[in-house]
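One structure is given here, and the rest of the page talks about it.
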Amino acid sequence: MAQLSAVNKYFWKYKYRFSLGILFIVASNYFFVMAPQVANYVVGKLQQALPGVHQANVRKPIIKDALLSAFIDWVDKFAYGKLVLICSVVIILLAIIRGLFMYFMRQTVIVMSRHIEYDQKNEVYNHYQKLDAGFYKTHATGDMMNRMAEDVSRVRMYTGPAIMYLINLSTLIIFALVNMLAQDVQLTLIVISPLPILAVTIYFVNMNIHRRSERVQAMLSDLTTNAQESYSGIRVIKSYVQEKAMLGFFKKNSEEYRKNAVGLAKVEAIYFPSMTLIIGLSTLVTILIGSQVVLHDTSKVGLIVEFVMYINMLTFPVSAIGWVASMIQRASASQKRLNEFLDAEPEVKDKSVTSPANFDGDIEFKNVTFTYPNTGITAIKDFSLQIKKGEKVLILGKTGSGKSTLAQMLLRAYNTDSGKILINGVDIADMPFRELRDNISYVPQDVFLFSDTIASNISFGLKEKAAQDRIEGAARFASIHNEIETLENGYDTLVGERGVTLSGGQKQRVSIARALIKKPQLLIFDDCLSAVDTKTENEIITHLNQYLSNKTAIIITHRIFTVFNFSQIIVLEDGKILEHGSHEQLLGSGGYYAKLYKKQVLDNYN
Ligand SMILES: Nc1ncnc2c1ncn2[C@@H]1O[C@H](COP(=O)(O)OP(=O)(O)OP(=O)(O)O)[C@@H](O)[C@H]1O
């Protein structure tokens with residue numbers, strides 16, 4: 001329950017709407033409990049009208065409410081027939097008024113819960129965006145999605161229906177009990193005694209159903225993931241002729257799900273009729289006890305009618321206590337899961353005092369060491385390098401040597417264990433990291449395009465809306481313009497899951513165009529030409545040569561680019577510099593670079 005205090009700020013935010021909601025709940029119950037009192041009065045009148053009934057045997061109801069009391073005094077003047085008619089109309093009117101207030105109650109409280117759900121989803125989404133790469137590496141996307149969708153919805157069940165039912169029940173109990181106790185304390189205690197038993201029974205049955213339905217949900221989610229994976233990997237499944245094996249696996253999971261779902265359906269099948277039975281029994285007990293009371297005291301006929309009506313009113317809300325309690329428990333568990341993420345602080349964050357990012361100078365790695373916290377792998381070891389403004393640097397190295405990690409360090413996706421990265425003499429850890437990232441364009445190895453148009457994907461990093469010729473210019477530099485033009489909708493073609501499927505090489509070039517359009521101070525290309533042919537690759541590199549003439553660029557690759565005149569070439573091995581120098585120097589040294597050059601370039605000419 002303490003976990004749910006995290007949503008109190010939202011109740012405060014919507015305090016006026018919430019207060020109005022409470023007012024409507026109170027008003028609806030205020031009118032609700034009037035009907036039994038009117039009925040009691042009418043029954044008394046009926047008794048009086050019956051031949052042979054002594055006046056002393058008719059008890060006048062004790063009415064505490066001034067409004068109702070005034071009405072009874074007024075209606076009392078009428079003859080029996082007219083009185084019954086007026087009272088019937090009033091009972092119908094009371095029901096309508098209550099209905100109206102219930103409508104307003106839902107309009108305020110349930111609508112408030114929808115607003116809170118919206119706010120909370122935004123809060124969670126916003127917080128996710130603040131968390132750093134380390135967090136994303138240690139948490140599964142499915143889990144994060146679940147918390148934002150499922151858990152927020154469960155918390156909404158608390159901020160809306162649960163709160164509404166609780167307040168409704170409390171006010172109804174207070175109103176009904178005040179009236180009942182004022183009339184007959186002993187009878188009140190007897191007739192309400194089955195209600196707690198009803199609430200507790202329903203709570204336990206409900207928890208059982210909940211446990212079962214959780215299991216069924218988890219199985220369904222596994223089944224969906226299983227099916228989704230099969231569809232995504234359908235080409236692999238078909239090429240390895242594994243359809244039968246996959247079907248067998250799916251059937252096994254499916255069978256397990258079926259068994260549990262049937263079990264749940266059986267419990268539910270018993271649950272609802274038995275709940276109705278228990279509710280019916282409570283009314284029956286009241287009638288039974290009431291009839292015994294009336295046998296001894298005929299003046300209490302109207303009172304028994306009134307009490308039966310109260311019990312009828314109370315049984316459903318009381319039986320809902322169990323349901324509300326398990327709803328609150330679930331919401332509390334969900335909020336706990338949400339709090340775990342909302343309390344997570346990013347490791348990488350701005351310092352309280354920052355220096356503005358200024359790229360008008362050299363970039364310097366000074367004895368940088370970095371270990372991935374989740375795996376303990378030290379990917380960069382005492383790495384030092386100076387890159388002058390405007391230089392083009394090629395970073396080569398075997399897979400796993402730490403090339404991508406270097407790029408991540410420059411973007412400050414992680415903090416260094418030791419050492420510093422300076423730009424124009426300022427430690428990047430002292431710069432506002434948004435400003436730092438604004439000045440860097442990074443093209444990652446694993447290209448990602450959003451389900452949007454090609455134009456939107458290219459202009460993604462821009463704050464302002466990009467003009468068409470600017471988008472096309474970037475696409476031309478990335479050697480993708482001509483191919484986009486051949487598509488039916490050109491730059492307005494939808495890509496991603498809902499659109500046209502671009503080839504790996506096309507996606508890489510759209511991603512390069514996205515980096516170029518930003519006109520950053522520093523560009524980092526992380527092996528982002530692996531899926532394009534050598535001719536296109538040379539074309540892009542030549543374009544980049546023009547585009548990058550005054551920009552600093554770091555190009556990470558496994559391939560040698562002959563058209564590019566790199567200022568420095570670095571060969572990394574196990575997070576350290578193995579070779580460092582110009583093309584001529586490294587070629588002369590006969591090391592990794594020279595061998596790679598021979599293999600990739602010279603052998604191609606022979
Ligand atoms: N997010 C991560 N969490 C934990 N360890 C990682 C992570 N990313 C990389 N590593 C590890 O750090 C080391 C360096 O990886 P990195 O991706 O920088 O190499 P790379 O030279 O870019 O390789 P490739 O050429 O295959 O892209 C590897 O041992 C890798 O397993």
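To be explicit about the labels: the chains of the structure tokens are called A, B, and onward in the order shown, and within each one the residues are counted from 1, while ligands get numbers from 1 in the order they are shown.
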Dump the neighbourhood of ligand 1 as a ChimeraX atom specification: all residues within 12 Å, distances computed on only C-alpha atoms and all ligand atoms.
/A:132-139,369-381,395-409,413-414,444-446,525-528,530,555-559,570-577
I need the strand (DSSP E or B) residues of range 215-454 of chain A per DSSP on the backbone, written as an MDAnalysis selection string.
chainID A and resid 363:371 378:387 392:397 418:423 426:427 440:443 453
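For the set A:Met219, A:Leu187, A:Ile86, A:Leu166, the residue with the smallest atom-to-atom gap to Gly290 in chain A is A:Leu187, counting only C-alpha atoms.
These are the residues of range 388-451 of chain A assigned helix (DSSP H, G or I) by DSSP from backbone coordinates: Lys403, Ser404, Thr405, Leu406, Ala407, Gln408, Met409, Leu410, Ile428, Ala429, Asp430, Phe433, Arg434, Glu435, Leu436, Arg437 and Asp438 of chain A.
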Keeping C-alpha atoms for every residue in the selection just given, could you write it to a file as an mmCIF file, in the first residue's frame?
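Everything below was put into out.cif:
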data_model
loop_
_atom_site.group_PDB
_atom_site.id
_atom_site.type_symbol
_atom_site.label_atom_id
_atom_site.label_comp_id
_atom_site.auth_asym_id
_atom_site.auth_seq_id
_atom_site.Cartn_x
_atom_site.Cartn_y
_atom_site.Cartn_z
ATOM 1 C CA LYS A 403 35.864 0.258 -31.491
ATOM 2 C CA SER A 404 32.141 0.808 -30.897
ATOM 3 C CA THR A 405 32.792 1.322 -27.206
ATOM 4 C CA LEU A 406 35.107 4.228 -28.067
ATOM 5 C CA ALA A 407 32.255 5.850 -30.025
ATOM 6 C CA GLN A 408 29.892 5.306 -27.104
ATOM 7 C CA MET A 409 32.391 6.937 -24.749
ATOM 8 C CA LEU A 410 32.580 10.023 -26.967
ATOM 9 C CA ILE A 428 32.955 16.067 -21.785
ATOM 10 C CA ALA A 429 31.731 14.985 -18.343
ATOM 11 C CA ASP A 430 31.503 18.716 -17.511
ATOM 12 C CA PHE A 433 25.295 16.076 -22.431
ATOM 13 C CA ARG A 434 22.394 17.135 -24.622
ATOM 14 C CA GLU A 435 24.578 19.874 -26.070
ATOM 15 C CA LEU A 436 27.419 17.419 -26.534
ATOM 16 C CA ARG A 437 25.190 14.962 -28.401
ATOM 17 C CA ASP A 438 23.651 17.734 -30.462
#
Contact check, range 301-332 of chain A to range 58-80 of chain A, at most 12 Å, counting only C-alpha atoms, closest pairs as JSON lines:
{"residue": "A:Val301", "atom": "CA", "partner": "A:Val58", "partner_atom": "CA", "distance": 8.5}
{"residue": "A:Gly302", "atom": "CA", "partner": "A:Arg59", "partner_atom": "CA", "distance": 7.9}
{"residue": "A:Leu303", "atom": "CA", "partner": "A:Pro61", "partner_atom": "CA", "distance": 7.4}
{"residue": "A:Ile304", "atom": "CA", "partner": "A:Pro61", "partner_atom": "CA", "distance": 11.2}
{"residue": "A:Val305", "atom": "CA", "partner": "A:Pro61", "partner_atom": "CA", "distance": 11.5}
{"residue": "A:Glu306", "atom": "CA", "partner": "A:Pro61", "partner_atom": "CA", "distance": 9.5}
{"residue": "A:Phe307", "atom": "CA", "partner": "A:Pro61", "partner_atom": "CA", "distance": 11.8}
If you keep C-alpha atoms, can you produce a file of those selected residues as a tab-separated table (two decimals), in the first residue's frame?
chain	number	residue	atom	x	y	z
A	301	VAL	CA	-43.49	-4.67	9.58
A	302	GLY	CA	-42.45	-1.38	7.92
A	303	LEU	CA	-39.11	-1.49	9.68
A	304	ILE	CA	-38.38	-4.99	8.37
A	305	VAL	CA	-39.23	-3.82	4.84
A	306	GLU	CA	-36.83	-0.91	5.30
A	307	PHE	CA	-34.08	-3.20	6.62
Applying 10 Å and only C-alpha atoms, which residues near Leu385 in chain A remain after dropping the ones on its own chain fewer than 2 positions away? List them as a PyMOL selection string.
chain A and resi 363-368+383+387-388+421+570+577+580
Near range 3-17 of chain A, counting only C-alpha atoms, which residues have an atom at most 9 Å away, once you skip same-chain residues fewer than 2 positions from it, shown as a PyMOL selection string?
chain A and resi 1+19-22+108-109+112+115-116+119-120+155+158-159+328+331-336+339
Expected file: the selected residues, C-alpha atoms, as a compact mmCIF listing (two decimals), in the first residue's frame:
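The result, written out as selection12.txt:
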# COMPACT_ATOMS: atom_id res chain seq x y z
CA MET A 1 0.00 0.00 0.00
CA SER A 19 -13.51 16.47 -4.47
CA LEU A 20 -16.42 16.92 -6.85
CA GLY A 21 -16.43 13.16 -7.42
CA ILE A 22 -16.61 12.52 -3.67
CA THR A 108 -15.52 12.75 -12.50
CA VAL A 109 -13.75 9.87 -10.75
CA MET A 112 -9.88 11.51 -13.39
CA HIS A 115 -6.17 11.57 -16.82
CA ILE A 116 -3.92 10.04 -14.17
CA ASP A 119 0.03 11.44 -16.89
CA GLN A 120 1.61 8.35 -15.44
CA VAL A 155 -2.74 1.38 -11.11
CA TYR A 158 -6.91 1.82 -8.10
CA THR A 159 -7.13 5.54 -8.94
CA ILE A 328 -5.71 -2.51 -4.68
CA ALA A 331 -2.25 -1.97 -8.16
CA SER A 332 0.19 -1.82 -5.28
CA ALA A 333 2.34 -4.60 -6.81
CA SER A 334 2.25 -2.80 -10.15
CA GLN A 335 3.16 0.55 -8.62
CA LYS A 336 6.06 -1.18 -6.85
CA ASN A 339 8.62 2.72 -8.66
Under the rule of at most 12 Å, produce a per-residue listing of range 532-560 of chain A near range 500-506 of chain A: chain, number, name, the closest pair of atoms, and the distance in Å, as a Markdown table, using only C-alpha atoms.
| residue | atom | partner | partner_atom | distance |
| --- | --- | --- | --- | --- |
| A:Val532 | CA | A:Gly505 | CA | 4.7 |
| A:Asp533 | CA | A:Gly505 | CA | 8.1 |
| A:Thr534 | CA | A:Gly505 | CA | 11.3 |
| A:Thr536 | CA | A:Gly505 | CA | 9.4 |
| A:Glu537 | CA | A:Gly505 | CA | 9.8 |
| A:Ile540 | CA | A:Gly505 | CA | 11.7 |
Export, as a compact mmCIF listing (two decimals), in the first residue's frame, the selected residues with N, CA and C atoms.
# COMPACT_ATOMS: atom_id res chain seq x y z
N VAL A 532 26.80 -2.25 -48.08
CA VAL A 532 26.74 -1.68 -49.44
C VAL A 532 27.89 -2.22 -50.28
N ASP A 533 27.68 -2.27 -51.59
CA ASP A 533 28.73 -2.82 -52.45
C ASP A 533 29.90 -1.84 -52.56
N THR A 534 31.03 -2.33 -53.05
CA THR A 534 32.25 -1.52 -53.05
C THR A 534 32.09 -0.25 -53.89
N THR A 536 29.28 1.53 -54.53
CA THR A 536 28.50 2.53 -53.78
C THR A 536 29.29 3.05 -52.59
N GLU A 537 30.04 2.13 -51.99
CA GLU A 537 30.84 2.53 -50.83
C GLU A 537 31.84 3.61 -51.23
N ILE A 540 30.04 6.89 -51.79
CA ILE A 540 29.68 7.57 -50.52
C ILE A 540 30.93 8.20 -49.91
Using only C-alpha atoms, which residues sit within 8 Å of Ala553 in chain A once same-chain residues fewer than 4 positions away are excluded, as a PyMOL selection string?
chain A and resi 390-393+522-525+548
Store the residues picked out above in a file with N, CA and C atoms, as a PDB file, in the first residue's frame.
ATOM      1  N   GLY A 390      39.008  18.886 -37.475  1.00  0.00           N
ATOM      2  CA  GLY A 390      38.967  18.701 -38.929  1.00  0.00           C
ATOM      3  C   GLY A 390      39.632  17.416 -39.393  1.00  0.00           C
ATOM      4  N   GLU A 391      40.280  16.695 -38.476  1.00  0.00           N
ATOM      5  CA  GLU A 391      40.960  15.455 -38.904  1.00  0.00           C
ATOM      6  C   GLU A 391      39.966  14.342 -39.199  1.00  0.00           C
ATOM      7  N   LYS A 392      40.409  13.423 -40.081  1.00  0.00           N
ATOM      8  CA  LYS A 392      39.604  12.223 -40.360  1.00  0.00           C
ATOM      9  C   LYS A 392      40.395  11.045 -39.808  1.00  0.00           C
ATOM     10  N   VAL A 393      39.753  10.309 -38.921  1.00  0.00           N
ATOM     11  CA  VAL A 393      40.475   9.220 -38.253  1.00  0.00           C
ATOM     12  C   VAL A 393      39.815   7.890 -38.587  1.00  0.00           C
ATOM     13  N   LEU A 522      31.105  16.856 -35.225  1.00  0.00           N
ATOM     14  CA  LEU A 522      31.841  15.584 -35.239  1.00  0.00           C
ATOM     15  C   LEU A 522      30.933  14.482 -35.767  1.00  0.00           C
ATOM     16  N   LEU A 523      31.473  13.683 -36.689  1.00  0.00           N
ATOM     17  CA  LEU A 523      30.693  12.556 -37.204  1.00  0.00           C
ATOM     18  C   LEU A 523      31.375  11.256 -36.839  1.00  0.00           C
ATOM     19  N   ILE A 524      30.583  10.309 -36.426  1.00  0.00           N
ATOM     20  CA  ILE A 524      31.155   8.985 -36.132  1.00  0.00           C
ATOM     21  C   ILE A 524      30.383   7.958 -36.956  1.00  0.00           C
ATOM     22  N   PHE A 525      31.104   7.283 -37.835  1.00  0.00           N
ATOM     23  CA  PHE A 525      30.468   6.228 -38.636  1.00  0.00           C
ATOM     24  C   PHE A 525      30.938   4.891 -38.091  1.00  0.00           C
ATOM     25  N   LEU A 548      32.864  16.309 -45.617  1.00  0.00           N
ATOM     26  CA  LEU A 548      33.558  16.349 -44.339  1.00  0.00           C
ATOM     27  C   LEU A 548      34.793  17.242 -44.369  1.00  0.00           C
TER      28      LEU A 548
END
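Across the structure, CA of Ile167 in chain A and CA of Phe101 in chain A are spaced 13.9 Å apart.
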Between A:Ile91, A:Ala2, A:Asp360, A:Lys252, which one has atoms that come closest to Ala39 in chain A, using only C-alpha atoms?
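Once distances to Ala39 in chain A are computed over only C-alpha atoms, the minimum belongs to A:Ile91.
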For Leu195 in chain A, find every residue with an atom within 8 Å (counting only C-alpha atoms), except residues of its own chain fewer than 4 positions away, and show them as an NGL selection string.
:A and (199 or 282 or 315 or 318-319)
Please write the residues from the selection above to a file, keeping C-alpha atoms, as a short mmCIF file (atom, residue, chain, number, x, y, z; two decimals), in the first residue's frame.
data_model
loop_
_atom_site.label_atom_id
_atom_site.label_comp_id
_atom_site.auth_asym_id
_atom_site.auth_seq_id
_atom_site.Cartn_x
_atom_site.Cartn_y
_atom_site.Cartn_z
CA ALA A 199 -16.75 -9.86 2.07
CA SER A 282 -28.09 -12.44 3.27
CA THR A 315 -24.78 -6.69 -0.28
CA VAL A 318 -19.91 -5.27 0.49
CA SER A 319 -19.28 -8.19 -1.83
#
A straight line from CA of Ser355 in chain A to CA of Lys551 in chain A spans 22.0 Å
